[in-house]
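K.L.:
Below is the structure I would like to discuss, written out as structure tokens.
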Amino acid sequence: MNKYVGAVLGAGFAWGFMGFFTRHLSEFGIDSSGAIIVRCGLGALCFGILILITGASQFKVKFKDFWCFIGTGLLSLLFFTFCYFNAINMMSLSTAAILLYTAPTIVMLLSAVLFKEKITKTKLVAAALAFAGCALVSGITGGVSLTLSGLLFGLGSGFGYALYSIFARYALQRGYSSNTINFYSCLLAALGAAVIWGTNGCIKAMVSSPRAMFWCAGVGILSCFLPYLLYTYGLTGLENGKASVLASVEPVVASLLGIFFYHEKMTLPSFIGVVLVLSAVVLLNMKNKEEQHDQTQSA
């Protein structure tokens, strides 16, 4: 396993904690729009501090390139979160999660058109395994109840989720560091949520008690700062399609957290789903080793 694969898997692992932390925010009066502000605002703060430590020149962005960050911040982070939160209010969590995980296929198709990435049999098989695994882990076998608005919000969340890989790739190609990309992405998402929906007292709620500060810090650091830091770094060494599929370990982690912390049962379909997602990861990692071997021989 190379470092880029490890970084993306680490991002997926950290994203798996998002529900674990966000489900506690409502206890302190923080609604879904407030959760976006808390999550992305604290993420921006962490990336800003990191930039100050590693080189303040990373704050510099050319005006002509700012559309990349509008894409990652507003069209991806903000739009995806808005759609996902609406989706989970209109359908079961499992159904919303499956619609969200149409993202790897969307990334693969868009990357083939925009960046000329090849759609190989290995990628297709891995994407199919990951999607089937996510479906089983999320408990979709229990039946699906959909409305048109719910379906559109669910698919919108998957599309918005996919756009991060696309716009981040454009920013990386223009020479921006992962810190720069993530700082402006999180900042724009937090500001966008504040302008559209208002803060609704979420900032005051954040510091209302040590317990509130703990859960807010978890949302901002573990489900935003750390995973986006790792995922964007992973994109510097992996194709978009592969990275998106590898990040599908997220629902596996979320499912395991439910078992260990909330005493949810591991059903046979869930177990099979975990195996399928991990199989997709192994398949893509084997492919990476083959490519490295081929490159060594041709050098």
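By order in the structure tokens, chains are A, B, ...; within a chain, residues start at 1; ligands start at 1, following the order shown.
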Set the distance at 7 Å and use only C-alpha atoms: which residues neighbour range 34-45 of chain A once local chain neighbours fewer than 2 positions away are removed? I'd like the list as a list in words.

P.N.:
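Surrounding residues, per the criterion: Ile30, Asp31, Ser32, Phe47, Gly48, Ile49, Phe183, Cys186, Leu187, Ala189, Ala190, Ala193, Ala194, Thr199, Asn200, Cys202, Cys216, Val219, Gly220, Ile221, Cys224 and Phe225 of chain A.
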
K.L.:
Mind writing the picked residues with N, CA, C and O atoms as a PDB file, in the first residue's frame?

P.N.:
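Generated file (part31.pdb):
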ATOM      1  N   ILE A  30     -27.900  23.081  17.977  1.00  0.00           N
ATOM      2  CA  ILE A  30     -27.251  23.335  16.691  1.00  0.00           C
ATOM      3  C   ILE A  30     -27.974  22.527  15.623  1.00  0.00           C
ATOM      4  O   ILE A  30     -27.934  21.291  15.629  1.00  0.00           O
ATOM      5  N   ASP A  31     -28.641  23.216  14.696  1.00  0.00           N
ATOM      6  CA  ASP A  31     -29.384  22.529  13.638  1.00  0.00           C
ATOM      7  C   ASP A  31     -28.466  22.162  12.471  1.00  0.00           C
ATOM      8  O   ASP A  31     -27.238  22.319  12.560  1.00  0.00           O
ATOM      9  N   SER A  32     -29.057  21.676  11.377  1.00  0.00           N
ATOM     10  CA  SER A  32     -28.245  21.190  10.265  1.00  0.00           C
ATOM     11  C   SER A  32     -27.407  22.290   9.626  1.00  0.00           C
ATOM     12  O   SER A  32     -26.236  22.067   9.284  1.00  0.00           O
ATOM     13  N   PHE A  47      -7.004  24.674   9.126  1.00  0.00           N
ATOM     14  CA  PHE A  47      -6.167  24.804   7.929  1.00  0.00           C
ATOM     15  C   PHE A  47      -5.445  26.147   7.910  1.00  0.00           C
ATOM     16  O   PHE A  47      -4.305  26.244   7.443  1.00  0.00           O
ATOM     17  N   GLY A  48      -6.101  27.207   8.415  1.00  0.00           N
ATOM     18  CA  GLY A  48      -5.448  28.507   8.493  1.00  0.00           C
ATOM     19  C   GLY A  48      -4.239  28.472   9.409  1.00  0.00           C
ATOM     20  O   GLY A  48      -3.174  29.023   9.081  1.00  0.00           O
ATOM     21  N   ILE A  49      -4.376  27.814  10.558  1.00  0.00           N
ATOM     22  CA  ILE A  49      -3.252  27.676  11.490  1.00  0.00           C
ATOM     23  C   ILE A  49      -2.137  26.865  10.848  1.00  0.00           C
ATOM     24  O   ILE A  49      -0.946  27.204  10.960  1.00  0.00           O
ATOM     25  N   PHE A 183      -8.361  25.171   2.926  1.00  0.00           N
ATOM     26  CA  PHE A 183      -8.675  26.370   3.703  1.00  0.00           C
ATOM     27  C   PHE A 183      -9.806  27.147   3.038  1.00  0.00           C
ATOM     28  O   PHE A 183     -10.809  27.486   3.691  1.00  0.00           O
ATOM     29  N   CYS A 186     -13.286  25.145   2.948  1.00  0.00           N
ATOM     30  CA  CYS A 186     -14.006  25.160   4.224  1.00  0.00           C
ATOM     31  C   CYS A 186     -14.507  26.557   4.564  1.00  0.00           C
ATOM     32  O   CYS A 186     -15.630  26.721   5.058  1.00  0.00           O
ATOM     33  N   LEU A 187     -13.674  27.572   4.301  1.00  0.00           N
ATOM     34  CA  LEU A 187     -14.059  28.944   4.611  1.00  0.00           C
ATOM     35  C   LEU A 187     -15.291  29.368   3.812  1.00  0.00           C
ATOM     36  O   LEU A 187     -16.248  29.926   4.367  1.00  0.00           O
ATOM     37  N   ALA A 189     -17.521  27.432   2.378  1.00  0.00           N
ATOM     38  CA  ALA A 189     -18.688  26.628   2.774  1.00  0.00           C
ATOM     39  C   ALA A 189     -19.313  27.178   4.054  1.00  0.00           C
ATOM     40  O   ALA A 189     -20.539  27.304   4.160  1.00  0.00           O
ATOM     41  N   ALA A 190     -18.480  27.516   5.037  1.00  0.00           N
ATOM     42  CA  ALA A 190     -18.981  28.049   6.306  1.00  0.00           C
ATOM     43  C   ALA A 190     -19.635  29.416   6.105  1.00  0.00           C
ATOM     44  O   ALA A 190     -20.724  29.676   6.633  1.00  0.00           O
ATOM     45  N   ALA A 193     -22.992  29.047   4.246  1.00  0.00           N
ATOM     46  CA  ALA A 193     -24.073  28.586   5.128  1.00  0.00           C
ATOM     47  C   ALA A 193     -24.554  29.701   6.038  1.00  0.00           C
ATOM     48  O   ALA A 193     -25.754  29.854   6.282  1.00  0.00           O
ATOM     49  N   ALA A 194     -23.616  30.515   6.546  1.00  0.00           N
ATOM     50  CA  ALA A 194     -23.974  31.608   7.449  1.00  0.00           C
ATOM     51  C   ALA A 194     -24.802  32.671   6.730  1.00  0.00           C
ATOM     52  O   ALA A 194     -25.760  33.219   7.285  1.00  0.00           O
ATOM     53  N   THR A 199     -26.537  32.152  11.445  1.00  0.00           N
ATOM     54  CA  THR A 199     -25.799  31.319  12.410  1.00  0.00           C
ATOM     55  C   THR A 199     -26.724  30.638  13.410  1.00  0.00           C
ATOM     56  O   THR A 199     -26.363  29.620  14.002  1.00  0.00           O
ATOM     57  N   ASN A 200     -27.928  31.201  13.628  1.00  0.00           N
ATOM     58  CA  ASN A 200     -28.919  30.580  14.530  1.00  0.00           C
ATOM     59  C   ASN A 200     -28.352  30.225  15.903  1.00  0.00           C
ATOM     60  O   ASN A 200     -28.695  29.199  16.493  1.00  0.00           O
ATOM     61  N   CYS A 202     -25.440  29.167  16.690  1.00  0.00           N
ATOM     62  CA  CYS A 202     -24.563  27.997  16.778  1.00  0.00           C
ATOM     63  C   CYS A 202     -23.201  28.338  17.385  1.00  0.00           C
ATOM     64  O   CYS A 202     -22.603  27.510  18.067  1.00  0.00           O
ATOM     65  N   CYS A 216     -18.213  19.613  19.176  1.00  0.00           N
ATOM     66  CA  CYS A 216     -17.975  20.530  18.057  1.00  0.00           C
ATOM     67  C   CYS A 216     -16.547  20.377  17.527  1.00  0.00           C
ATOM     68  O   CYS A 216     -16.322  20.393  16.313  1.00  0.00           O
ATOM     69  N   VAL A 219     -16.406  17.272  15.404  1.00  0.00           N
ATOM     70  CA  VAL A 219     -16.986  17.489  14.081  1.00  0.00           C
ATOM     71  C   VAL A 219     -16.018  18.252  13.187  1.00  0.00           C
ATOM     72  O   VAL A 219     -15.820  17.914  12.020  1.00  0.00           O
ATOM     73  N   GLY A 220     -15.420  19.313  13.739  1.00  0.00           N
ATOM     74  CA  GLY A 220     -14.543  20.155  12.929  1.00  0.00           C
ATOM     75  C   GLY A 220     -13.206  19.531  12.601  1.00  0.00           C
ATOM     76  O   GLY A 220     -12.724  19.631  11.464  1.00  0.00           O
ATOM     77  N   ILE A 221     -12.609  18.858  13.584  1.00  0.00           N
ATOM     78  CA  ILE A 221     -11.258  18.322  13.388  1.00  0.00           C
ATOM     79  C   ILE A 221     -11.281  16.935  12.760  1.00  0.00           C
ATOM     80  O   ILE A 221     -10.619  16.694  11.742  1.00  0.00           O
ATOM     81  N   CYS A 224     -13.725  16.860   9.378  1.00  0.00           N
ATOM     82  CA  CYS A 224     -13.503  17.859   8.325  1.00  0.00           C
ATOM     83  C   CYS A 224     -12.006  18.097   8.080  1.00  0.00           C
ATOM     84  O   CYS A 224     -11.484  17.770   7.021  1.00  0.00           O
ATOM     85  N   PHE A 225     -11.324  18.665   9.058  1.00  0.00           N
ATOM     86  CA  PHE A 225      -9.914  19.014   8.869  1.00  0.00           C
ATOM     87  C   PHE A 225      -9.057  17.810   8.483  1.00  0.00           C
ATOM     88  O   PHE A 225      -8.381  17.816   7.444  1.00  0.00           O
TER      89      PHE A 225
END

K.L.:
Pick out the residues sitting within 7 Å of Leu99 in chain A, and hand them over as a list in words; count only C-alpha atoms, and ignore anything fewer than 2 positions along from it in its own chain.

P.N.:
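My list of contacting residues is Thr95, Ala96, Ala97, Tyr101, Thr102, Gly154, Leu155 and Gly158 of chain A.
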
K.L.:
At a cut-off of 10 Å, using only C-alpha atoms, what residues contact range 228-232 of chain A? Leave out same-chain residues fewer than 3 positions from it and give the result as a PyMOL selection string.

P.N.:
chain A and resi 4-12+14-15+43+47+164-165+168-169+172+177-179+181-183+185-186+221-225+235-238+243-244+247

K.L.:
In Å, with one decimal, what is the gap from CA of Cys68 in chain A to CA of Tyr184 in chain A?

P.N.:
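That distance, rounded to one decimal, is 9.7 Å.
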
K.L.:
Mind listing the helix (DSSP H, G or I) residues of range 20-140 of chain A, per DSSP on the backbone, as JSON, numbers by chain?

P.N.:
{"A": [20, 21, 22, 25, 26, 27, 28, 32, 33, 34, 35, 36, 37, 38, 39, 40, 41, 42, 43, 44, 45, 46, 47, 48, 49, 50, 51, 52, 53, 54, 56, 57, 58, 59, 63, 64, 65, 66, 67, 68, 69, 70, 71, 72, 73, 74, 75, 76, 77, 78, 79, 80, 81, 82, 83, 84, 85, 86, 87, 88, 89, 90, 93, 94, 95, 96, 97, 98, 99, 100, 103, 104, 105, 106, 107, 108, 109, 110, 111, 112, 113, 114, 121, 122, 123, 124, 125, 126, 127, 128, 129, 130, 131, 132, 133, 134, 135, 136, 137, 140]}

K.L.:
In Å, rounded to a single decimal, give me how far CA of Ala212 in chain A is from CA of Glu27 in chain A.

P.N.:
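Atom-to-atom, CA of Glu27 in chain A to CA of Ala212 in chain A, that is 8.5 Å.
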
K.L.:
From the options A:Phe115, A:Lys60, A:Ser270, A:Ile98, which residue's atoms come nearest to Gln173 in chain A, counting only C-alpha atoms?

P.N.:
A:Phe115

K.L.:
Calculate how many Å separate CA of Phe80 in chain A from CA of Ile196 in chain A, rounding to one decimal.

P.N.:
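Answer for the CA of Phe80 in chain A to CA of Ile196 in chain A separation: 14.7 Å.
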
K.L.:
At a cut-off of 6 Å, using only C-alpha atoms, what residues contact range 82-85 of chain A? Leave out same-chain residues fewer than 5 positions from it and give the result as number ranges by chain.

P.N.:
A: 153, 156-157
